[in-house]
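Engineer: The file below is protein-v8.cif, mmCIF, C-alpha atoms:
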data_input
loop_
_atom_site.label_atom_id
_atom_site.label_comp_id
_atom_site.auth_asym_id
_atom_site.auth_seq_id
_atom_site.Cartn_x
_atom_site.Cartn_y
_atom_site.Cartn_z
CA VAL A 1 53.68 -86.00 -6.85
CA ALA A 2 54.61 -89.67 -7.11
CA VAL A 3 54.09 -90.98 -10.63
CA SER A 4 53.39 -94.61 -11.34
CA ASN A 5 55.00 -96.33 -14.29
CA THR A 6 54.45 -99.63 -16.01
CA ILE A 7 57.01 -102.31 -16.82
CA THR A 8 55.97 -104.94 -19.34
CA ILE A 9 57.65 -108.27 -20.05
CA GLU A 10 56.57 -109.97 -23.26
CA ASN A 11 57.13 -113.07 -25.33
CA ASP A 12 57.05 -111.56 -28.80
CA THR A 13 56.31 -114.94 -30.40
CA THR A 14 53.05 -115.50 -28.56
CA GLY A 15 52.19 -111.92 -27.65
CA GLN A 16 51.81 -112.94 -24.02
CA ALA A 17 52.75 -109.93 -21.91
CA ILE A 18 52.60 -109.21 -18.20
CA SER A 19 52.66 -105.68 -16.81
CA VAL A 20 53.24 -104.25 -13.36
CA GLU A 21 52.25 -100.66 -12.61
CA ARG A 22 53.46 -98.95 -9.48
CA VAL A 23 55.59 -96.11 -8.20
CA TRP A 24 59.04 -97.53 -8.76
CA THR A 25 62.23 -96.66 -6.97
CA LYS A 26 65.65 -97.29 -8.43
CA THR A 27 66.49 -100.12 -6.04
CA ASP A 28 63.28 -102.08 -6.62
CA VAL A 29 63.64 -105.73 -7.57
CA LEU A 30 60.86 -107.19 -9.71
CA GLU A 31 60.67 -110.98 -9.55
CA LEU A 32 58.44 -112.84 -12.00
CA ASP A 33 57.99 -116.57 -11.29
CA VAL A 34 56.08 -118.09 -14.18
CA ALA A 35 56.04 -121.61 -12.71
CA ASN A 36 54.49 -120.56 -9.42
CA LYS A 37 52.48 -117.66 -10.85
CA THR A 38 53.90 -115.06 -8.52
CA VAL A 39 54.93 -111.48 -9.17
CA LYS A 40 56.90 -109.85 -6.39
CA VAL A 41 58.56 -106.51 -5.87
CA ASN A 42 61.21 -106.60 -3.18
CA GLY A 43 59.77 -109.93 -2.00
CA THR A 44 56.17 -108.72 -1.65
CA ALA A 45 53.43 -110.02 -3.93
CA VAL A 46 52.01 -107.30 -6.19
CA ASP A 47 49.11 -107.16 -8.60
CA TYR A 48 49.70 -107.39 -12.32
CA SER A 49 47.83 -107.40 -15.57
CA GLY A 50 48.13 -109.59 -18.62
CA ALA A 51 49.46 -113.11 -18.91
CA PHE A 52 52.51 -114.91 -17.61
CA PRO A 53 54.68 -115.33 -20.71
CA TYR A 54 55.39 -118.96 -21.50
CA PHE A 55 58.18 -119.99 -23.84
CA ALA A 56 58.01 -123.03 -26.09
CA PRO A 57 61.24 -124.80 -27.07
CA GLY A 58 63.14 -122.81 -29.66
CA THR A 59 64.42 -119.30 -30.05
CA HIS A 60 62.26 -116.45 -28.80
CA ASN A 61 62.70 -112.85 -27.80
CA LEU A 62 61.96 -111.61 -24.32
CA ILE A 63 60.88 -108.00 -24.72
CA ILE A 64 61.09 -105.69 -21.73
CA SER A 65 59.52 -102.27 -22.12
CA SER A 66 58.28 -99.45 -19.93
CA ASP A 67 56.90 -95.95 -20.04
CA PHE A 68 59.87 -94.52 -18.17
CA SER A 69 61.55 -91.68 -20.00
CA VAL A 70 64.92 -92.94 -18.81
CA TYR A 71 65.67 -96.17 -17.02
CA LYS A 72 68.42 -98.63 -16.34
CA LEU A 73 67.85 -102.19 -15.31
CA THR A 74 69.60 -105.47 -14.78
CA VAL A 75 67.82 -108.57 -16.04
CA THR A 76 68.36 -112.11 -14.87
CA VAL A 77 66.48 -115.03 -16.44
CA ASP A 78 66.46 -118.43 -14.76
CA TYR A 79 64.96 -121.50 -16.37
CA TYR A 80 64.92 -125.22 -15.79
CA LYS A 81 66.06 -127.55 -18.56
CA ARG A 82 63.62 -130.34 -19.12
CA TYR A 83 64.07 -133.43 -21.27
CA ILE A 84 61.49 -135.63 -22.90
CA MET B 85 39.00 -122.87 -28.22
CA SER B 86 42.12 -124.73 -27.24
CA ASN B 87 44.61 -124.46 -24.40
CA LYS B 88 42.25 -122.66 -22.06
CA ARG B 89 43.87 -121.64 -18.83
CA TYR B 90 42.48 -119.81 -15.82
CA LEU B 91 44.09 -117.58 -13.22
CA TYR B 92 42.46 -117.00 -9.85
CA LYS B 93 43.57 -113.68 -8.34
CA PHE B 94 42.70 -112.90 -4.72
CA TYR B 95 42.28 -109.49 -3.08
CA ARG B 96 41.55 -108.27 0.43
CA ASP B 97 40.25 -104.72 0.91
CA GLU B 98 41.16 -103.99 -2.72
CA GLN B 99 44.76 -105.01 -1.99
CA TYR B 100 46.17 -107.83 -4.07
CA ILE B 101 47.11 -110.92 -2.04
CA ASN B 102 48.24 -113.55 -4.54
CA THR B 103 47.34 -115.80 -7.42
CA ALA B 104 46.23 -119.29 -6.49
CA ALA B 105 48.65 -121.76 -8.01
CA ASN B 106 46.91 -124.92 -6.85
CA VAL B 107 43.34 -124.74 -8.11
CA VAL B 108 42.25 -128.30 -8.89
CA SER B 109 38.63 -127.65 -9.87
CA ASP B 110 37.34 -126.87 -13.33
CA PHE B 111 36.00 -123.40 -13.90
CA GLY B 112 32.24 -123.10 -14.13
CA TYR B 113 29.42 -121.43 -12.32
CA SER B 114 25.69 -121.61 -12.10
CA GLN B 115 23.04 -118.95 -11.81
CA ASP B 116 19.42 -119.46 -10.93
CA ILE B 117 16.82 -117.55 -12.88
CA ASN B 118 15.57 -114.35 -11.22
CA THR B 119 18.53 -114.15 -8.87
CA ALA B 120 21.04 -111.36 -8.74
CA GLY B 121 24.31 -113.23 -8.99
CA ALA B 122 26.15 -116.38 -9.89
CA GLN B 123 28.04 -118.69 -7.56
CA LEU B 124 31.42 -120.19 -8.29
CA GLU B 125 33.05 -123.05 -6.41
CA ILE B 126 36.83 -123.19 -6.32
CA ILE B 127 38.71 -126.18 -4.94
CA LEU B 128 42.28 -125.61 -3.83
CA GLY B 129 44.57 -128.61 -3.56
CA SER B 130 45.63 -127.82 -0.01
CA THR B 131 44.19 -127.85 3.49
CA LEU B 132 44.10 -125.13 6.10
CA ASP B 133 47.16 -126.67 7.69
CA ASP B 134 49.08 -126.27 4.44
CA THR B 135 48.30 -122.62 4.03
CA GLY B 136 50.76 -121.21 6.52
CA ALA B 137 48.40 -119.81 9.12
CA THR B 138 50.13 -117.96 11.95
CA LEU B 139 49.27 -118.48 15.59
CA ASP B 140 48.74 -115.58 17.97
CA THR B 141 48.29 -116.10 21.71
CA ASP B 142 47.79 -114.19 24.94
CA GLU B 143 49.25 -115.56 28.16
CA LEU B 144 48.37 -114.98 31.76
CA VAL B 145 50.80 -112.42 33.19
CA THR B 146 51.29 -110.30 36.27
CA GLU B 147 51.07 -106.51 36.37
CA THR B 148 54.78 -106.41 35.56
CA ASP B 149 54.30 -108.68 32.52
CA ASP B 150 55.87 -111.71 34.17
CA ASN B 151 54.31 -114.99 33.10
CA ILE B 152 52.20 -116.89 35.61
CA VAL B 153 53.09 -120.53 35.11
CA THR B 154 51.76 -123.93 36.12
CA ASN B 155 53.51 -126.29 38.56
CA ASN B 156 55.31 -127.70 35.53
CA GLY B 157 56.56 -124.28 34.49
CA ASP B 158 54.27 -123.99 31.46
CA ASN B 159 52.73 -120.67 30.49
CA ILE B 160 48.94 -120.37 30.81
CA LEU B 161 47.18 -119.43 27.57
CA THR B 162 44.19 -117.10 27.72
CA ARG B 163 43.73 -116.73 23.96
CA LYS B 164 44.80 -118.78 20.98
CA GLU B 165 43.92 -117.58 17.50
CA TYR B 166 45.04 -118.43 13.97
CA PHE B 167 45.49 -115.69 11.40
CA PHE B 168 45.51 -116.15 7.66
CA ASN B 169 47.37 -113.06 6.56
CA SER B 170 49.20 -114.26 3.51
CA ILE B 171 46.74 -116.72 2.06
CA PRO B 172 43.81 -115.94 -0.15
CA ILE B 173 41.00 -117.42 1.89
CA GLY B 174 38.95 -115.17 4.08
CA LEU B 175 35.35 -114.15 4.14
CA ALA B 176 34.58 -111.33 1.71
CA ASN B 177 37.97 -111.58 0.07
CA ARG B 178 37.58 -110.77 -3.59
CA VAL B 179 38.28 -113.26 -6.35
CA LYS B 180 38.85 -112.34 -9.98
CA VAL B 181 39.08 -115.14 -12.51
CA TRP B 182 40.88 -114.56 -15.80
CA LEU B 183 40.61 -116.80 -18.83
CA TYR B 184 43.46 -117.18 -21.31
CA TYR B 185 43.11 -118.86 -24.67
CA ASP B 186 44.27 -118.43 -28.25
CA GLY B 187 41.83 -115.58 -28.82
CA ALA B 188 42.85 -113.75 -25.65
CA VAL B 189 46.51 -114.45 -25.02
CA ASN B 190 46.64 -111.74 -22.38
CA GLY B 191 43.43 -112.80 -20.73
CA THR B 192 39.86 -111.74 -20.32
CA GLN B 193 38.12 -111.50 -16.97
CA VAL B 194 35.30 -114.02 -16.66
CA PHE B 195 34.31 -113.76 -12.99
CA ASP B 196 34.50 -111.27 -10.15
CA GLY B 197 33.09 -112.08 -6.75
CA LEU B 198 33.49 -112.41 -3.00
CA ILE B 199 34.26 -115.44 -0.87
CA LEU B 200 31.05 -116.44 0.88
CA SER B 201 32.30 -119.50 2.73
CA PHE B 202 35.10 -122.02 2.83
CA GLU B 203 35.51 -125.52 4.17
CA SER B 204 38.50 -127.80 4.49
CA ASP B 205 38.24 -131.47 3.59
CA TYR B 206 41.05 -133.34 5.31
CA ARG B 207 40.13 -136.66 3.73
CA GLU B 208 40.46 -135.25 0.23
CA ALA B 209 43.17 -132.82 1.35
CA ASN B 210 41.56 -129.85 -0.28
CA LEU B 211 39.86 -126.58 0.49
CA LYS B 212 36.58 -125.61 -1.13
CA LEU B 213 35.67 -121.94 -1.54
CA SER B 214 32.21 -120.68 -2.41
CA VAL B 215 32.41 -117.38 -4.27
CA VAL B 216 29.40 -115.24 -5.13
CA SER B 217 29.40 -112.62 -7.84
CA TRP B 218 29.11 -108.91 -7.15
CA GLY B 219 25.45 -108.87 -8.08
CA VAL B 220 24.61 -110.50 -4.77
CA GLN B 221 25.75 -107.48 -2.80
CA LEU B 222 22.85 -105.20 -2.20
CA ASP B 223 24.85 -102.04 -2.70
CA ASN B 224 26.05 -103.13 -6.12
CA VAL B 225 22.84 -102.98 -8.06
CA MET B 226 23.08 -105.29 -11.02
CA LEU B 227 19.39 -105.36 -11.81
CA GLY B 228 18.19 -101.88 -12.64
CA THR B 229 14.69 -102.23 -11.24
CA ALA B 230 15.09 -99.98 -8.22
CA PRO B 231 15.93 -96.25 -8.37
CA SER B 232 19.58 -95.49 -7.92
CA THR B 233 20.84 -93.66 -4.87
CA GLU B 234 21.87 -90.05 -5.11
CA VAL B 235 25.23 -89.53 -3.48
CA ALA B 236 25.61 -85.83 -4.08
CA THR B 237 23.34 -83.64 -6.13
CA ASN B 238 22.86 -80.08 -7.23
CA THR B 239 19.22 -79.27 -6.58
CA VAL B 240 19.23 -75.90 -8.33
CA ASN B 241 19.14 -75.74 -12.12
CA ASN B 242 18.62 -72.12 -13.07
CA SER B 243 21.36 -71.50 -15.57
CA GLU B 244 23.62 -73.03 -18.16
CA VAL B 245 27.33 -72.79 -18.76
CA ALA B 246 28.71 -73.25 -22.26
CA LEU B 247 31.74 -75.39 -22.93
CA TYR B 248 33.38 -74.84 -26.29
CA ASN B 249 36.96 -75.20 -27.40
CA PRO B 250 39.39 -73.82 -28.33
CA ILE B 251 38.36 -70.68 -26.50
CA TYR B 252 41.72 -68.94 -26.32
CA THR B 253 43.70 -67.55 -29.20
CA ASP B 254 46.71 -69.63 -28.27
CA GLY B 255 44.66 -72.76 -28.87
CA SER B 256 44.43 -73.74 -25.23
CA THR B 257 41.17 -75.10 -23.94
CA ILE B 258 38.88 -74.92 -20.94
CA GLN B 259 37.01 -77.45 -18.95
CA LEU B 260 34.29 -77.03 -16.35
CA GLY B 261 34.68 -77.99 -12.72
CA GLN B 262 32.42 -78.53 -9.74
CA THR B 263 33.35 -79.67 -6.25
CA PHE B 264 31.33 -81.96 -4.01
CA GLN B 265 31.56 -84.13 -0.92
CA VAL B 266 29.81 -87.29 0.19
CA SER B 267 28.36 -87.89 3.64
CA ALA B 268 29.44 -91.53 3.98
CA PRO B 269 31.91 -93.91 2.32
CA THR B 270 30.41 -94.55 -1.07
CA ASP B 271 31.20 -96.37 -4.30
CA VAL B 272 30.14 -94.19 -7.21
CA GLY B 273 29.33 -95.99 -10.43
CA SER B 274 27.99 -93.15 -12.55
CA LEU B 275 27.51 -89.43 -12.84
CA SER B 276 24.41 -87.73 -14.28
CA LEU B 277 24.46 -84.22 -15.68
CA ALA B 278 21.71 -82.13 -17.24
CA MET B 279 23.17 -80.95 -20.50
CA ARG B 280 22.57 -80.32 -24.19
CA VAL B 281 24.47 -79.42 -27.33
CA SER B 282 23.85 -76.49 -29.64
CA TRP B 283 23.96 -76.77 -33.43
CA ASP B 284 22.98 -73.15 -33.96
CA LYS B 285 26.36 -71.85 -34.96
CA VAL B 286 27.76 -72.00 -38.44
CA SER B 287 30.18 -74.62 -39.60
CA SER B 288 28.71 -77.25 -37.37
CA SER B 289 29.99 -80.63 -38.27
CA GLY B 290 29.01 -84.09 -37.24
CA THR B 291 25.96 -85.07 -35.27
CA SER B 292 27.34 -85.28 -31.75
CA VAL B 293 30.02 -83.82 -29.52
CA ASN B 294 32.32 -86.17 -27.68
CA THR B 295 32.19 -85.06 -24.05
CA SER B 296 34.24 -86.45 -21.19
CA VAL B 297 33.85 -86.29 -17.44
CA SER B 298 36.47 -87.16 -14.90
CA LEU B 299 36.28 -87.43 -11.16
CA ILE B 300 39.30 -86.17 -9.25
CA GLU B 301 40.44 -85.58 -5.71
CA GLY B 302 40.75 -81.96 -4.65
CA THR B 303 39.37 -78.85 -6.27
CA PRO B 304 39.61 -77.82 -9.91
CA ASP B 305 42.12 -75.14 -8.89
CA ASN B 306 44.18 -77.58 -6.87
CA PRO B 307 43.57 -80.99 -8.43
CA GLY B 308 44.73 -84.28 -6.98
CA SER B 309 44.75 -87.66 -8.60
CA VAL B 310 42.23 -88.68 -11.24
CA LEU B 311 39.94 -91.36 -9.84
CA GLY B 312 38.05 -92.26 -13.00
CA GLY B 313 36.40 -91.00 -16.13
CA ALA B 314 33.84 -91.67 -18.81
CA GLN B 315 32.78 -90.38 -22.23
CA ARG B 316 29.47 -89.79 -23.98
CA PHE B 317 28.55 -88.39 -27.37
CA ILE B 318 26.05 -85.59 -26.81
CA SER B 319 23.51 -84.98 -29.56
CA ASN B 320 20.34 -83.78 -27.78
CA GLU B 321 19.45 -80.13 -28.41
CA GLU B 322 16.97 -80.06 -25.53
CA GLN B 323 18.38 -80.35 -22.05
CA GLU B 324 18.40 -83.97 -20.86
CA THR B 325 19.97 -85.91 -18.05
CA ILE B 326 23.04 -87.61 -19.46
CA THR B 327 24.53 -90.44 -17.42
CA PHE B 328 28.23 -91.18 -17.58
CA ASN B 329 29.03 -94.70 -16.35
CA PHE B 330 32.46 -95.38 -14.90
CA ALA B 331 34.10 -98.66 -15.91
CA THR B 332 34.66 -99.55 -12.27
CA PRO B 333 33.03 -97.99 -9.19
CA ILE B 334 35.02 -95.16 -7.63
CA SER B 335 35.36 -95.26 -3.83
CA LEU B 336 34.74 -91.91 -2.15
CA LEU B 337 35.24 -90.94 1.48
CA PRO B 338 33.45 -88.31 3.58
CA THR B 339 35.21 -85.02 4.49
CA THR B 340 37.31 -85.29 1.32
CA THR B 341 36.64 -82.77 -1.41
CA TYR B 342 36.23 -84.20 -4.89
CA SER B 343 35.62 -82.50 -8.20
CA ILE B 344 33.83 -83.30 -11.41
CA LEU B 345 35.59 -82.03 -14.52
CA VAL B 346 33.82 -81.79 -17.85
CA SER B 347 35.67 -81.36 -21.12
CA ASN B 348 34.91 -81.81 -24.77
CA VAL B 349 36.66 -82.20 -28.07
CA TYR B 350 38.91 -79.53 -29.43
CA TYR B 351 36.68 -78.44 -32.29
CA SER B 352 33.51 -77.91 -30.28
CA LEU B 353 33.85 -74.15 -30.80
CA TYR B 354 30.90 -74.18 -33.16
CA ASN B 355 28.96 -76.84 -31.28
CA PRO B 356 29.15 -75.92 -27.60
CA VAL B 357 27.87 -78.23 -24.93
CA TYR B 358 25.73 -76.53 -22.28
CA VAL B 359 25.80 -77.89 -18.73
CA ALA B 360 23.01 -76.98 -16.33
CA SER B 361 24.18 -75.04 -13.30
CA ASP B 362 23.27 -73.17 -10.16
CA SER B 363 24.29 -69.57 -10.74
CA GLY B 364 24.36 -68.82 -7.02
CA ASN B 365 27.13 -71.18 -5.88
CA SER B 366 30.84 -71.21 -6.49
CA TYR B 367 31.73 -74.25 -8.57
CA SER B 368 28.08 -75.23 -8.67
CA GLU B 369 28.06 -72.71 -11.46
CA TRP B 370 30.72 -74.79 -13.18
CA GLN B 371 33.73 -72.52 -13.09
CA PRO B 372 35.68 -72.60 -16.36
CA ILE B 373 39.24 -73.78 -15.85
CA HIS B 374 41.91 -72.76 -18.29
CA ILE B 375 44.14 -75.72 -19.14
#
Please go through the file and, once you have read it, give me the structure as C-alpha cells.

Structural biologist:
Amino acid sequence: VAVSNTITIENDTTGQAISVERVWTKTDVLELDVANKTVKVNGTAVDYSGAFPYFAPGTHNLIISSDFSVYKLTVTVDYYKRYI
Amino acid sequence: MSNKRYLYKFYRDEQYINTAANVVSDFGYSQDINTAGAQLEIILGSTLDDTGATLDTDELVTETDDNIVTNNGDNILTRKEYFFNSIPIGLANRVKVWLYYDGAVNGTQVFDGLILSFESDYREANLKLSVVSWGVQLDNVMLGTAPSTEVATNTVNNSEVALYNPIYTDGSTIQLGQTFQVSAPTDVGSLSLAMRVSWDKVSSSGTSVNTSVSLIEGTPDNPGSVLGGAQRFISNEEQETITFNFATPISLLPTTTYSILVSNVYYSLYNPVYVASDSGNSYSEWQPIHI
C-alpha cells in the first residue's frame, strides 16, 4: 500500500509553513517558488497547505521537516538580492 | 488586521491546477438575503491570449491520411479549437480563497466556490471571473429546510450490538463494521446511526462516551483507504438517531463496496454504546472487528 508523507518548509521566525503531502519517491524534486506562488514536484504543479514562507532581511532559520521515518534530501535555496 | 494577503487556488475535477499569481482585484463578495450562496468576482491581470491556450485542429485528409490541400498548397482546416489545460479558468472549476494575516500566518479559508462565467476585457487587459459559492449548487444543501437524501440505509432495526472496550484481556479493542454500496455517484456529507449509551454498569464515569465513525473503502475484514471520519459524544440512554457530519463531503462511486466503522474510547467497558442493527444480515448486524 502506497503511503503518503508530508514535507513541511517553515520560517521559524514568522511561523509561516508550507506543506506538501503525497506519495513520494526518492528521485522526486520539490520546487517551491515563493515569488511566483508555485509548488511543483518534478515540474508539475501540486496542491499544498499553509503559507508561502517569506523572509524579512536578517538572519532566519529555514526549517525542513517531514513525517518520514528515514529520509535523505538535498536542499538548494535561491534568492534575489534587492537593494533599497 | 494588518498585512492581509489572499491566495486564489484553482482546481478542476478536484485536481489542483495552480495558484493565481496575478489577481488584481480586492477580495470581497456579496450575498443577497434569502439566497443560497455568495458571488465573488476575481479579476486577473491577463487576457485569454496571455494564458497559454493551446490550439487543436482537424484537417481534411484522404483515406490514407494524406492532406488535401488548396491550389496554394495550404491544408484545409475542418476544426479549430482552443484548449485551456494549464490555466485556472474554466466553467465549474473550483476556486478556494485563503486569507493570511497576523492572526493566521498559515492561512484560513474564506471562500470556496465554482467559476460561473468569465469574460476577457482586451481594453483593460484583464480577465474577470464570476465565482459562486457551493451553496448555489442544488446538491450541496446549505439551507437545511428540505429533507436530506438517503444514500444507503438499513431499514431493519430489530436488535442492538454493544461496543465496549477494552474487550480482550490483552487490552486490544474492537470496533463495529457494516458494508454498503451506493447506486449512483454521490457525495456523502453525514452518517446517521440509531444508537444509545448505557450507564447501568458500575464505575461509570463522565456523562458521555466519545464515539467515532469512519468511512473506508472495502470491507471491515479487508479494509482499504480511510475516506473520512467524524466524532460525537453520546449521552442519550434512549435510542436516538445520531448524525455524524464529515468535515468535507466524501465522494462515493457505485459498484464499490464501502464500510462504516464505529469505535469508541478505550475505557467504555463500563459505559457501552449500543448501535441498532438488523440481526438477519451479515455486517448489517455490525460485526465486531478485533483490532

Engineer: Give me, as a list of chain:residue names, the contact residues of chain A against chain B at a cut-off of 10 Å, counting only C-alpha atoms.

Structural biologist: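 Going by the stated atoms only, the list reads A:Val1, A:Thr14, A:Gly15, A:Gln16, A:Ala17, A:Ile18, A:Ala35, A:Asn36, A:Lys37, A:Thr38, A:Val39, A:Lys40, A:Thr44, A:Ala45, A:Val46, A:Asp47, A:Tyr48, A:Ser49, A:Gly50, A:Ala51, A:Phe52, A:Pro53.
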
Engineer: Grab the residues selected above and save them as a short mmCIF file (atom, residue, chain, number, x, y, z; two decimals), keeping the file's coordinate frame with C-alpha atoms.

Structural biologist:
data_model
loop_
_atom_site.label_atom_id
_atom_site.label_comp_id
_atom_site.auth_asym_id
_atom_site.auth_seq_id
_atom_site.Cartn_x
_atom_site.Cartn_y
_atom_site.Cartn_z
CA VAL A 1 53.68 -86.00 -6.85
CA THR A 14 53.05 -115.50 -28.56
CA GLY A 15 52.19 -111.92 -27.65
CA GLN A 16 51.81 -112.94 -24.02
CA ALA A 17 52.75 -109.93 -21.91
CA ILE A 18 52.60 -109.21 -18.20
CA ALA A 35 56.04 -121.61 -12.71
CA ASN A 36 54.49 -120.56 -9.42
CA LYS A 37 52.48 -117.66 -10.85
CA THR A 38 53.90 -115.06 -8.52
CA VAL A 39 54.93 -111.48 -9.17
CA LYS A 40 56.90 -109.85 -6.39
CA THR A 44 56.17 -108.72 -1.65
CA ALA A 45 53.43 -110.02 -3.93
CA VAL A 46 52.01 -107.30 -6.19
CA ASP A 47 49.11 -107.16 -8.60
CA TYR A 48 49.70 -107.39 -12.32
CA SER A 49 47.83 -107.40 -15.57
CA GLY A 50 48.13 -109.59 -18.62
CA ALA A 51 49.46 -113.11 -18.91
CA PHE A 52 52.51 -114.91 -17.61
CA PRO A 53 54.68 -115.33 -20.71
#

Engineer: Can you pull out every residue within 8 Å of Ala209 in chain B, counting only C-alpha atoms, but drop anything in the same chain fewer than 5 positions away, and send it as a VMD selection string?

Structural biologist: chain B and resid 129 to 131 204

Engineer: Go ahead and compute the interatomic distance for CA of Gly273 in chain B and CA of Ala331 in chain B, in Å to one decimal.

Structural biologist: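 Taking CA of Gly273 in chain B and CA of Ala331 in chain B, their separation equals 7.7 Å.
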
Engineer: Using the chain letters and numbers from this file, what does the PyMOL selection byres ((chain A and resi 73-81) around 12) select? Give the answer as a PDB file with C-alpha atoms, in the frame of the given file.

Structural biologist:
ATOM      1  CA  ILE A   7      57.010-102.310 -16.820  1.00  0.00           C
ATOM      2  CA  ILE A   9      57.650-108.270 -20.050  1.00  0.00           C
ATOM      3  CA  TRP A  24      59.040 -97.530  -8.760  1.00  0.00           C
ATOM      4  CA  THR A  25      62.230 -96.660  -6.970  1.00  0.00           C
ATOM      5  CA  LYS A  26      65.650 -97.290  -8.430  1.00  0.00           C
ATOM      6  CA  THR A  27      66.490-100.120  -6.040  1.00  0.00           C
ATOM      7  CA  ASP A  28      63.280-102.080  -6.620  1.00  0.00           C
ATOM      8  CA  VAL A  29      63.640-105.730  -7.570  1.00  0.00           C
ATOM      9  CA  LEU A  30      60.860-107.190  -9.710  1.00  0.00           C
ATOM     10  CA  GLU A  31      60.670-110.980  -9.550  1.00  0.00           C
ATOM     11  CA  LEU A  32      58.440-112.840 -12.000  1.00  0.00           C
ATOM     12  CA  ASP A  33      57.990-116.570 -11.290  1.00  0.00           C
ATOM     13  CA  VAL A  34      56.080-118.090 -14.180  1.00  0.00           C
ATOM     14  CA  ALA A  35      56.040-121.610 -12.710  1.00  0.00           C
ATOM     15  CA  TYR A  54      55.390-118.960 -21.500  1.00  0.00           C
ATOM     16  CA  PHE A  55      58.180-119.990 -23.840  1.00  0.00           C
ATOM     17  CA  ALA A  56      58.010-123.030 -26.090  1.00  0.00           C
ATOM     18  CA  PRO A  57      61.240-124.800 -27.070  1.00  0.00           C
ATOM     19  CA  LEU A  62      61.960-111.610 -24.320  1.00  0.00           C
ATOM     20  CA  ILE A  63      60.880-108.000 -24.720  1.00  0.00           C
ATOM     21  CA  ILE A  64      61.090-105.690 -21.730  1.00  0.00           C
ATOM     22  CA  SER A  65      59.520-102.270 -22.120  1.00  0.00           C
ATOM     23  CA  SER A  66      58.280 -99.450 -19.930  1.00  0.00           C
ATOM     24  CA  PHE A  68      59.870 -94.520 -18.170  1.00  0.00           C
ATOM     25  CA  VAL A  70      64.920 -92.940 -18.810  1.00  0.00           C
ATOM     26  CA  TYR A  71      65.670 -96.170 -17.020  1.00  0.00           C
ATOM     27  CA  LYS A  72      68.420 -98.630 -16.340  1.00  0.00           C
ATOM     28  CA  ARG A  82      63.620-130.340 -19.120  1.00  0.00           C
ATOM     29  CA  TYR A  83      64.070-133.430 -21.270  1.00  0.00           C
ATOM     30  CA  ILE A  84      61.490-135.630 -22.900  1.00  0.00           C
TER      31      ILE A  84
END

Engineer: To test your reading of the syntax: which residues would the PyMOL selection byres ((chain B and resi 307) around 12) return for the file shown? Reply as a compact mmCIF listing (two decimals) with C-alpha atoms, keeping the file's coordinate frame.

Structural biologist:
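File written: selection-v3.txt
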# COMPACT_ATOMS: atom_id res chain seq x y z
CA VAL A 1 53.68 -86.00 -6.85
CA GLY B 261 34.68 -77.99 -12.72
CA GLN B 262 32.42 -78.53 -9.74
CA THR B 263 33.35 -79.67 -6.25
CA SER B 298 36.47 -87.16 -14.90
CA LEU B 299 36.28 -87.43 -11.16
CA ILE B 300 39.30 -86.17 -9.25
CA GLU B 301 40.44 -85.58 -5.71
CA GLY B 302 40.75 -81.96 -4.65
CA THR B 303 39.37 -78.85 -6.27
CA PRO B 304 39.61 -77.82 -9.91
CA ASP B 305 42.12 -75.14 -8.89
CA ASN B 306 44.18 -77.58 -6.87
CA GLY B 308 44.73 -84.28 -6.98
CA SER B 309 44.75 -87.66 -8.60
CA VAL B 310 42.23 -88.68 -11.24
CA LEU B 311 39.94 -91.36 -9.84
CA THR B 341 36.64 -82.77 -1.41
CA TYR B 342 36.23 -84.20 -4.89
CA SER B 343 35.62 -82.50 -8.20
CA ILE B 344 33.83 -83.30 -11.41
CA LEU B 345 35.59 -82.03 -14.52
CA ILE B 373 39.24 -73.78 -15.85
CA ILE B 375 44.14 -75.72 -19.14

Engineer: Take CA of Thr138 in chain B and CA of Asp196 in chain B and report the distance between them in Å, one decimal.

Structural biologist: 27.9 Å

Engineer: Any chance you could work out the residue set of the PyMOL selection byres ((chain B and resi 141-150) around 7) here, as a list in words?

Structural biologist: Leu139, Asp140, Asn151, Ile152, Asn159, Ile160, Leu161, Thr162, Arg163, Lys164 and Glu165 of chain B

Engineer: Distance CA of Glu208 in chain B-CA of Ile126 in chain B, one decimal place?

Structural biologist: 14.2 Å

Engineer: Using only C-alpha atoms, which of B:Ser282, B:Thr257, B:Thr154, B:Ser201 sits nearest Val215 in chain B?

Structural biologist: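 That would be B:Ser201, the residue with the smallest distance to Val215 in chain B.
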
Engineer: Which residues, written as a list of chain:residue names, have at least one atom at most 6 Å from Leu198 in chain B, with only C-alpha atoms counted and residues fewer than 6 positions away on the same chain left out?

Structural biologist: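 Here the qualifying residues turn out to be B:Ala176, B:Asn177, B:Arg178, B:Val179, B:Val215, B:Val216.
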